[in-house]
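Trainee: Here it is, the structure in full.
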There are 4 protein chains.
Amino acid sequence: MVSGRFLTRTKQCPYVVMKALYLLLPLLLAFTLPTKPKRIIFFGDSITQAGVQPGGYITKMQEMLAKQNKAADYELIGKGIGGNKVYDLYLRLDDDVLALKPDVVVIYVGVNDVWHKRTYGTGTDPDKFVKFYEALIRKIQANGGRVVLCTPAAIGEKTDFSNDQDGDLNAYSNLIRDLAARQNLPLCDLRKSFLDYNVRNNAGNKEKGILTTDRVHLNDTGNQFVADQLWAVLQGM
Amino acid sequence: MVSGRFLTRTKQCPYVVMKALYLLLPLLLAFTLPTKPKRIIFFGDSITQAGVQPGGYITKMQEMLAKQNKAADYELIGKGIGGNKVYDLYLRLDDDVLALKPDVVVIYVGVNDVWHKRTYGTGTDPDKFVKFYEALIRKIQANGGRVVLCTPAAIGEKTDFSNDQDGDLNAYSNLIRDLAARQNLPLCDLRKSFLDYNVRNNAGNKEKGILTTDRVHLNDTGNQFVADQLWAVLQGM
Amino acid sequence: MVSGRFLTRTKQCPYVVMKALYLLLPLLLAFTLPTKPKRIIFFGDSITQAGVQPGGYITKMQEMLAKQNKAADYELIGKGIGGNKVYDLYLRLDDDVLALKPDVVVIYVGVNDVWHKRTYGTGTDPDKFVKFYEALIRKIQANGGRVVLCTPAAIGEKTDFSNDQDGDLNAYSNLIRDLAARQNLPLCDLRKSFLDYNVRNNAGNKEKGILTTDRVHLNDTGNQFVADQLWAVLQGM
Amino acid sequence: MVSGRFLTRTKQCPYVVMKALYLLLPLLLAFTLPTKPKRIIFFGDSITQAGVQPGGYITKMQEMLAKQNKAADYELIGKGIGGNKVYDLYLRLDDDVLALKPDVVVIYVGVNDVWHKRTYGTGTDPDKFVKFYEALIRKIQANGGRVVLCTPAAIGEKTDFSNDQDGDLNAYSNLIRDLAARQNLPLCDLRKSFLDYNVRNNAGNKEKGILTTDRVHLNDTGNQFVADQLWAVLQGM
């Protein structure tokens, strides 16, 4: 009778089980089927353009994910073009970013907005910098993407604030920090991280060679450093 | 019977007449009722901002239209803001221009794109100048408006090409001329007109005081000159 | 014969007394005749041009000397001209400074060498800044004058190194510090003093109004501050 | 007595002959002994630095003199340093020029005074340009040298005055022309010659490749052209 009862109960069981299975199906699938990888676009200038090269900061993140067996969870895409300022990003946002429907967009821009003031007379006014940056955020969010902001790391690595454009670079970094705070967006404060690193590791007050090759572009240590800093922000998203 | 037939035909006549009248009504109304005035927006920088003041070039056009009893045919609107460059126009295009559904938009910009290179280090790269200019045209046309292009008249009136930024101003004027030619758009070549006028009227090679008060902004003669030059293009549209 | 002995001794006295007087004459004269005042020339730009105005830093030093009854000991002369860079000082050194045979020359220059890079594109290259500065020192010393160096105080008073030209101003201040060290010359490090003062007194990170009226030129507190800083160096010379 | 008369006359002869010889000696020496060659220094920037290289404009003049058997009559010395502005010439005038006691100094400067405004923000103010230029002339003349002035040829070869810095280059050329006129000094107006040549030979409005390799520095045709233009001025001195 035990078996009878068991059978009876077994017969009754399928309905309940199936019902539970149907209810649990999405959860089960989520654990058993491959997930769609999170698509992260790094949107920036020459630093990001170099980021997808061997040894670049995006390549290094990819390699790190592979080691952690998380390569399938993320799709990292670099969309950097040398010389780009904030409005260059704006002009190619639709084609290079929104068309790819990214989950997350890391905006990493600002060096040329400051630097080009001196080199070409075509830097970006601070108020326009904010306006175009806000337009980037607005359009990415309207497209369903989340945004990560970065401050521009360095134009020169001297630690006594005597790099030619330190003042302006700090001012534009402040604009980005304010923007992140105002809109409650994640910020990777590379400017601050670079300064802190240099204070600890650049006793000679050198203008390059610590995290950069040429005051701006990343050497191997710099690429690893940016990869670490960015991943610290991205892993929680 | 004649009369009967006549009456009958007379009775039938109104139907035909009325039918003709109904068919002709829009045409008749067009001749007898006031037409919707053509809305023209002048979109630019401080020169246009001053254009709506007493004595300004837009005010002068308005007065000229009044004298010719054409005031009701046109609605002239100035949308100039001091210091604007091409991407400032872009940033406020939707609110300040497209929302007003203009029939014609006169884009009059370029002085600050060149000038700010020297004064603030934030002029506009030539390739970006063209890209944002093209974006302005594309969006205005998509909104149903026609576009008139202007070259930037002057930063200095010396006739021997020794005004500090003549080279760059000529280069950016060439960019606008090429754009007008490429897209087959009406062009008011103020740069050329100003130079021609100065060659005839500025024998002393003065840097200001002929058509401008300060090398850039229009004096009374300059406002009349721009009004005449612009209307020569606009009247045919 | 007290009187006799007295007379005898009185007769002997003149020889000894006169000998002593002759020997002491220079010393006596030094105490009884007016000394030639020490001539100090403040050689600089608009900050120094304003320094001789009521409330200016040179005027304040003069008033301080009067209070201390030392007005006759010093002749303070301001030779500042607005907009001057290091090579402007060089061009007018002979006429404005050396011709006056100063005992001390305070060179207070550098703001425009940095600032004019942005405003006019005519700042001074760092290596030329040093070369002309060295030429100033060499010619003043060859003329018998002693030299005091000053670092340029500020272009903006924000304390987080986000004033636009902080980097360059710090770099040029370093050039002056190195020059003072290399040639063992007295230095009034106004750049450092201003920063220290602002860190203590500018909690709001304001860009002006603490020691300056407009980011560069001195307000009343600033004039007093510079007078104090300079006198601390000058009093020992 | 023929011999006696002869002897007598012979005896008288020497006095007259010798007297004549003494009087004519300088003239005779001038025709028979080698003359001291005329020392000409070309004092300038990178264009002149390249001028002494094979194919350079100074080398070409030297070769031309050799062909005309005049090599011994002139000593051509190039003293050009890349990047030099008018005050760089001033700073090295004593060592590089005056110490060599030149008969003629050709001052060929101005491109960097204009160009560096854009590239480094360290161009030369027009009034300082004139002051240092005047100081060069004054010191060379006080040293016994004659001075030839040159206008800066080109920063870009486009013929429609749309090279970026045409305005400023024309303005500084005017300053040099005025200086030459005011002081009645020989002028080699390379700016004008280059423009005229380009109007005839640059129908395509190219920015380089006609007389320059890179908008500024001379190609082979340019070096020959400058050699010809300069020699036309120098041969008469």
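In the structure tokens, the first chain shown is A, the next is B, and so on; residue numbers restart at 1 for each chain, and ligands run from 1 in the order shown.
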If chain A is superposed onto chain D by least squares using every Cα atom in order, what is the RMSD, in Å to one decimal?
Mentor: 1.1 Å
Trainee: What's the 8 Å shell around Thr119 in chain A, counting only C-alpha atoms, without same-chain residues fewer than 6 positions away, as a PyMOL selection string?
Mentor: chain D and resi 118-120
Trainee: Closest to Val114 in chain B among D:Asp196, D:Lys208, D:Asp164, D:Asn201, using only C-alpha atoms?
Mentor: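 For Val114 in chain B, the nearest of the candidates is D:Asp164.
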Trainee: Within 7 Å of chain C, which residues belong to chain D? Use only C-alpha atoms and report them as a list in words.
Mentor: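 On the chain D side, the interface is Lys117, Arg118, Gly121, Thr122, Gly123, Thr124 and Asp125 of chain D.
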Trainee: Could the residues in this selection be saved with all heavy atoms as a CSV table (one decimal), in the first residue's frame?
Mentor:
```csv
chain,number,residue,atom,x,y,z
D,117,LYS,N,52.8,81.4,-32.3
D,117,LYS,CA,51.6,81.8,-31.6
D,117,LYS,C,50.6,80.7,-31.6
D,117,LYS,O,50.0,80.5,-30.6
D,117,LYS,CB,51.0,83.0,-32.4
D,117,LYS,CG,51.7,84.3,-32.3
D,117,LYS,CD,50.9,85.4,-33.0
D,117,LYS,CE,51.7,86.7,-33.0
D,117,LYS,NZ,50.9,87.8,-33.6
D,118,ARG,N,50.5,80.0,-32.7
D,118,ARG,CA,49.6,78.9,-32.8
D,118,ARG,C,50.1,77.6,-32.2
D,118,ARG,O,49.4,76.8,-31.6
D,118,ARG,CB,49.2,78.6,-34.3
D,118,ARG,CG,48.4,79.7,-34.9
D,118,ARG,CD,47.0,79.6,-34.5
D,118,ARG,NE,46.2,80.8,-35.0
D,118,ARG,CZ,45.5,80.8,-36.1
D,118,ARG,NH1,45.3,79.8,-36.8
D,118,ARG,NH2,44.9,81.9,-36.4
D,121,GLY,N,52.0,79.0,-28.4
D,121,GLY,CA,51.5,80.2,-27.7
D,121,GLY,C,52.6,81.1,-27.3
D,121,GLY,O,52.5,81.9,-26.4
D,122,THR,N,53.7,81.0,-28.0
D,122,THR,CA,54.9,81.8,-27.7
D,122,THR,C,55.4,82.5,-28.9
D,122,THR,O,56.7,82.6,-29.1
D,122,THR,CB,56.0,80.9,-27.0
D,122,THR,OG1,56.4,79.9,-28.0
D,122,THR,CG2,55.6,80.3,-25.7
D,123,GLY,N,54.5,83.1,-29.7
D,123,GLY,CA,54.9,84.0,-30.8
D,123,GLY,C,55.4,85.3,-30.2
D,123,GLY,O,55.4,85.5,-29.0
D,124,THR,N,55.7,86.2,-31.1
D,124,THR,CA,56.3,87.5,-30.6
D,124,THR,C,55.2,88.6,-30.9
D,124,THR,O,54.7,88.7,-32.0
D,124,THR,CB,57.6,87.8,-31.4
D,124,THR,OG1,58.4,86.7,-31.3
D,124,THR,CG2,58.3,89.1,-30.9
D,125,ASP,N,55.0,89.4,-29.9
D,125,ASP,CA,54.1,90.6,-30.1
D,125,ASP,C,54.7,91.5,-31.2
D,125,ASP,O,55.9,91.6,-31.2
D,125,ASP,CB,54.1,91.4,-28.8
D,125,ASP,CG,53.6,90.7,-27.6
D,125,ASP,OD1,52.4,90.2,-27.6
D,125,ASP,OD2,54.3,90.5,-26.6
```
Trainee: Determine, counting only C-alpha atoms, which protein, DNA and RNA residues have an atom within 10 Å of an atom of Asp94 in chain C; residues of the same chain fewer than 5 positions away are not included. Present the result as a ChimeraX atom specification.
Mentor: /C:89,99-101,136,139-140,143
Trainee: Could you write those residues out with all heavy atoms, as a PDB file, in the first residue's frame?
Mentor:
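As written to disk, part_19.pdb reads:
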```pdb
ATOM      1  N   LEU C  89      61.037  93.767 -19.620  1.00  0.00           N
ATOM      2  CA  LEU C  89      61.931  94.300 -18.587  1.00  0.00           C
ATOM      3  C   LEU C  89      63.332  94.473 -19.172  1.00  0.00           C
ATOM      4  O   LEU C  89      63.988  95.497 -18.957  1.00  0.00           O
ATOM      5  CB  LEU C  89      61.982  93.363 -17.370  1.00  0.00           C
ATOM      6  CG  LEU C  89      60.678  93.111 -16.610  1.00  0.00           C
ATOM      7  CD1 LEU C  89      60.986  92.427 -15.273  1.00  0.00           C
ATOM      8  CD2 LEU C  89      59.904  94.392 -16.376  1.00  0.00           C
ATOM      9  N   ALA C  99      70.053 103.239 -15.069  1.00  0.00           N
ATOM     10  CA  ALA C  99      70.357 104.678 -15.052  1.00  0.00           C
ATOM     11  C   ALA C  99      70.169 105.283 -13.662  1.00  0.00           C
ATOM     12  O   ALA C  99      70.750 106.316 -13.339  1.00  0.00           O
ATOM     13  CB  ALA C  99      69.469 105.398 -16.064  1.00  0.00           C
ATOM     14  N   LEU C 100      69.366 104.629 -12.829  1.00  0.00           N
ATOM     15  CA  LEU C 100      69.095 105.144 -11.485  1.00  0.00           C
ATOM     16  C   LEU C 100      70.069 104.586 -10.441  1.00  0.00           C
ATOM     17  O   LEU C 100      69.961 104.897  -9.257  1.00  0.00           O
ATOM     18  CB  LEU C 100      67.658 104.800 -11.069  1.00  0.00           C
ATOM     19  CG  LEU C 100      66.544 105.316 -11.984  1.00  0.00           C
ATOM     20  CD1 LEU C 100      65.184 104.843 -11.483  1.00  0.00           C
ATOM     21  CD2 LEU C 100      66.574 106.844 -12.057  1.00  0.00           C
ATOM     22  N   LYS C 101      70.994 103.760 -10.867  1.00  0.00           N
ATOM     23  CA  LYS C 101      72.001 103.185  -9.972  1.00  0.00           C
ATOM     24  C   LYS C 101      71.400 102.633  -8.671  1.00  0.00           C
ATOM     25  O   LYS C 101      71.749 103.074  -7.567  1.00  0.00           O
ATOM     26  CB  LYS C 101      73.057 104.250  -9.615  1.00  0.00           C
ATOM     27  CG  LYS C 101      73.907 104.688 -10.792  1.00  0.00           C
ATOM     28  CD  LYS C 101      75.034 103.695 -11.031  1.00  0.00           C
ATOM     29  CE  LYS C 101      75.797 104.010 -12.311  1.00  0.00           C
ATOM     30  NZ  LYS C 101      76.646 102.852 -12.689  1.00  0.00           N
ATOM     31  N   LEU C 136      69.043  89.843 -17.165  1.00  0.00           N
ATOM     32  CA  LEU C 136      68.662  90.917 -16.236  1.00  0.00           C
ATOM     33  C   LEU C 136      69.588  90.904 -15.019  1.00  0.00           C
ATOM     34  O   LEU C 136      70.153  91.927 -14.628  1.00  0.00           O
ATOM     35  CB  LEU C 136      67.215  90.732 -15.755  1.00  0.00           C
ATOM     36  CG  LEU C 136      66.067  91.016 -16.721  1.00  0.00           C
ATOM     37  CD1 LEU C 136      64.738  90.673 -16.048  1.00  0.00           C
ATOM     38  CD2 LEU C 136      66.070  92.479 -17.162  1.00  0.00           C
ATOM     39  N   LYS C 139      73.258  91.983 -15.812  1.00  0.00           N
ATOM     40  CA  LYS C 139      73.445  93.414 -16.068  1.00  0.00           C
ATOM     41  C   LYS C 139      73.237  94.249 -14.800  1.00  0.00           C
ATOM     42  O   LYS C 139      73.928  95.243 -14.585  1.00  0.00           O
ATOM     43  CB  LYS C 139      72.500  93.886 -17.179  1.00  0.00           C
ATOM     44  CG  LYS C 139      72.887  93.342 -18.559  1.00  0.00           C
ATOM     45  CD  LYS C 139      72.041  93.931 -19.677  1.00  0.00           C
ATOM     46  CE  LYS C 139      72.496  95.341 -20.048  1.00  0.00           C
ATOM     47  NZ  LYS C 139      71.846  95.823 -21.297  1.00  0.00           N
ATOM     48  N   ILE C 140      72.284  93.857 -13.958  1.00  0.00           N
ATOM     49  CA  ILE C 140      72.066  94.590 -12.707  1.00  0.00           C
ATOM     50  C   ILE C 140      73.290  94.447 -11.801  1.00  0.00           C
ATOM     51  O   ILE C 140      73.771  95.416 -11.230  1.00  0.00           O
ATOM     52  CB  ILE C 140      70.790  94.083 -11.983  1.00  0.00           C
ATOM     53  CG1 ILE C 140      69.543  94.423 -12.799  1.00  0.00           C
ATOM     54  CG2 ILE C 140      70.687  94.696 -10.578  1.00  0.00           C
ATOM     55  CD1 ILE C 140      68.279  93.700 -12.357  1.00  0.00           C
ATOM     56  N   ASN C 143      76.202  96.371 -12.826  1.00  0.00           N
ATOM     57  CA  ASN C 143      75.948  97.788 -12.553  1.00  0.00           C
ATOM     58  C   ASN C 143      76.054  98.079 -11.048  1.00  0.00           C
ATOM     59  O   ASN C 143      75.788  99.188 -10.588  1.00  0.00           O
ATOM     60  CB  ASN C 143      74.535  98.129 -13.062  1.00  0.00           C
ATOM     61  CG  ASN C 143      74.272  99.620 -13.162  1.00  0.00           C
ATOM     62  OD1 ASN C 143      74.984 100.330 -13.861  1.00  0.00           O
ATOM     63  ND2 ASN C 143      73.236 100.084 -12.448  1.00  0.00           N
TER      64      ASN C 143
END
```
Trainee: So how far away is CA of Phe161 in chain B from CA of Asp45 in chain D, in Å?
Mentor: 24.7 Å
Trainee: If DSSP is run on the backbone, what residues of range 92-138 of chain C are strand (DSSP E or B)? A reply as a ChimeraX atom specification would be ideal.
Mentor: /C:104-108,122
Trainee: Those same residues, written as a PDB file, in the first residue's frame with N, CA and C atoms?
Mentor:
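The new file result-v5.pdb reads:
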```pdb
ATOM      1  N   VAL C 104      69.404  97.885  -4.806  1.00  0.00           N
ATOM      2  CA  VAL C 104      68.719  96.599  -4.884  1.00  0.00           C
ATOM      3  C   VAL C 104      67.642  96.682  -5.967  1.00  0.00           C
ATOM      4  N   VAL C 105      67.515  95.625  -6.737  1.00  0.00           N
ATOM      5  CA  VAL C 105      66.425  95.536  -7.713  1.00  0.00           C
ATOM      6  C   VAL C 105      65.611  94.285  -7.411  1.00  0.00           C
ATOM      7  N   VAL C 106      64.322  94.489  -7.159  1.00  0.00           N
ATOM      8  CA  VAL C 106      63.406  93.366  -6.959  1.00  0.00           C
ATOM      9  C   VAL C 106      62.748  93.070  -8.300  1.00  0.00           C
ATOM     10  N   ILE C 107      63.055  91.914  -8.874  1.00  0.00           N
ATOM     11  CA  ILE C 107      62.439  91.507 -10.149  1.00  0.00           C
ATOM     12  C   ILE C 107      61.178  90.709  -9.822  1.00  0.00           C
ATOM     13  N   TYR C 108      60.054  91.230 -10.282  1.00  0.00           N
ATOM     14  CA  TYR C 108      58.769  90.595  -9.968  1.00  0.00           C
ATOM     15  C   TYR C 108      58.010  90.458 -11.284  1.00  0.00           C
ATOM     16  N   THR C 122      51.384  84.918 -27.282  1.00  0.00           N
ATOM     17  CA  THR C 122      52.726  85.503 -27.236  1.00  0.00           C
ATOM     18  C   THR C 122      53.344  85.417 -25.842  1.00  0.00           C
TER      19      THR C 122
END
```
Trainee: One number please: CA of Ala180 in chain C to CA of Phe42 in chain C, in Å, one decimal.
Mentor: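 Taking CA of Ala180 in chain C and CA of Phe42 in chain C, their separation equals 17.0 Å.
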Trainee: Can you tell me, as a list in words, what residues are no more than 12 Å from Glu207 in chain D when counting only C-alpha atoms, ignoring any on the same chain fewer than 5 positions away?
Mentor: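 Contacts, in chain order: Ala171 of chain B; Ala154, Ile155, Gly156, Glu157, Lys158, Thr159, Asp160, Phe161, Ser162, Asn163, Asp164, Asp166, Leu195, Asn198, Asn202, Thr212, Thr213, Asp214, Arg215 and Val216 of chain D.
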Trainee: Those residues with C-alpha atoms, as a PDB file, in the first residue's frame please?
Mentor:
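And here's again-v8.pdb as it stands now:
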```pdb
ATOM      1  CA  ALA B 171      39.785  79.077 -45.360  1.00  0.00           C
TER       2      ALA B 171
ATOM      3  CA  ALA D 154      55.642  81.714 -46.444  1.00  0.00           C
ATOM      4  CA  ILE D 155      53.688  79.521 -44.076  1.00  0.00           C
ATOM      5  CA  GLY D 156      51.704  77.810 -46.805  1.00  0.00           C
ATOM      6  CA  GLU D 157      51.779  78.553 -50.522  1.00  0.00           C
ATOM      7  CA  LYS D 158      48.074  78.880 -51.348  1.00  0.00           C
ATOM      8  CA  THR D 159      47.560  81.970 -53.465  1.00  0.00           C
ATOM      9  CA  ASP D 160      44.066  82.955 -52.316  1.00  0.00           C
ATOM     10  CA  PHE D 161      45.229  84.120 -48.884  1.00  0.00           C
ATOM     11  CA  SER D 162      43.637  81.195 -47.134  1.00  0.00           C
ATOM     12  CA  ASN D 163      46.808  79.846 -45.531  1.00  0.00           C
ATOM     13  CA  ASP D 164      46.048  79.843 -41.844  1.00  0.00           C
ATOM     14  CA  ASP D 166      48.675  84.632 -43.998  1.00  0.00           C
ATOM     15  CA  LEU D 195      53.507  85.243 -53.624  1.00  0.00           C
ATOM     16  CA  ASN D 198      53.073  81.240 -56.689  1.00  0.00           C
ATOM     17  CA  ASN D 202      50.649  77.476 -58.436  1.00  0.00           C
ATOM     18  CA  THR D 212      58.563  74.626 -50.145  1.00  0.00           C
ATOM     19  CA  THR D 213      58.530  71.008 -49.067  1.00  0.00           C
ATOM     20  CA  ASP D 214      56.217  71.503 -46.115  1.00  0.00           C
ATOM     21  CA  ARG D 215      54.655  74.988 -46.415  1.00  0.00           C
ATOM     22  CA  VAL D 216      57.733  76.611 -44.790  1.00  0.00           C
TER      23      VAL D 216
END
```
Trainee: Among range 17-210 of chain A, which ones does DSSP place in helix (DSSP H, G or I), written as an MDAnalysis selection string?
Mentor: chainID A and resid 17:32 46:52 57:67 71:73 86:91 93:96 98:100 111:119 126:142 166:183 190:201
Trainee: Just how far from CA of Asn170 in chain A is CA of Gly204 in chain C, in Å to one decimal?
Mentor: 16.4 Å
Trainee: Which residues are close to Gln224 in chain C, i.e. within 8 Å by only C-alpha atoms, leaving aside same-chain residues fewer than 5 positions away? Reply as a PyMOL selection string.
Mentor: chain C and resi 56-57+60
Trainee: For the residues in that selection, give me N, CA and C atoms as a CSV table (one decimal), in the first residue's frame.
Mentor:
```
chain,number,residue,atom,x,y,z
C,56,GLY,N,48.8,100.5,-2.6
C,56,GLY,CA,49.6,99.6,-3.3
C,56,GLY,C,50.7,99.0,-2.4
C,57,TYR,N,51.3,97.9,-2.8
C,57,TYR,CA,52.3,97.2,-1.9
C,57,TYR,C,53.5,98.0,-1.7
C,60,LYS,N,52.5,100.8,0.8
C,60,LYS,CA,52.3,100.2,2.1
C,60,LYS,C,53.7,100.0,2.8
```
Trainee: Write out as number ranges by chain which residues come within 12 Å of range 68-72 of chain D when counting only C-alpha atoms, dropping same-chain ones fewer than 3 positions away.
Mentor: D: 34-39, 59-65, 75-76, 235
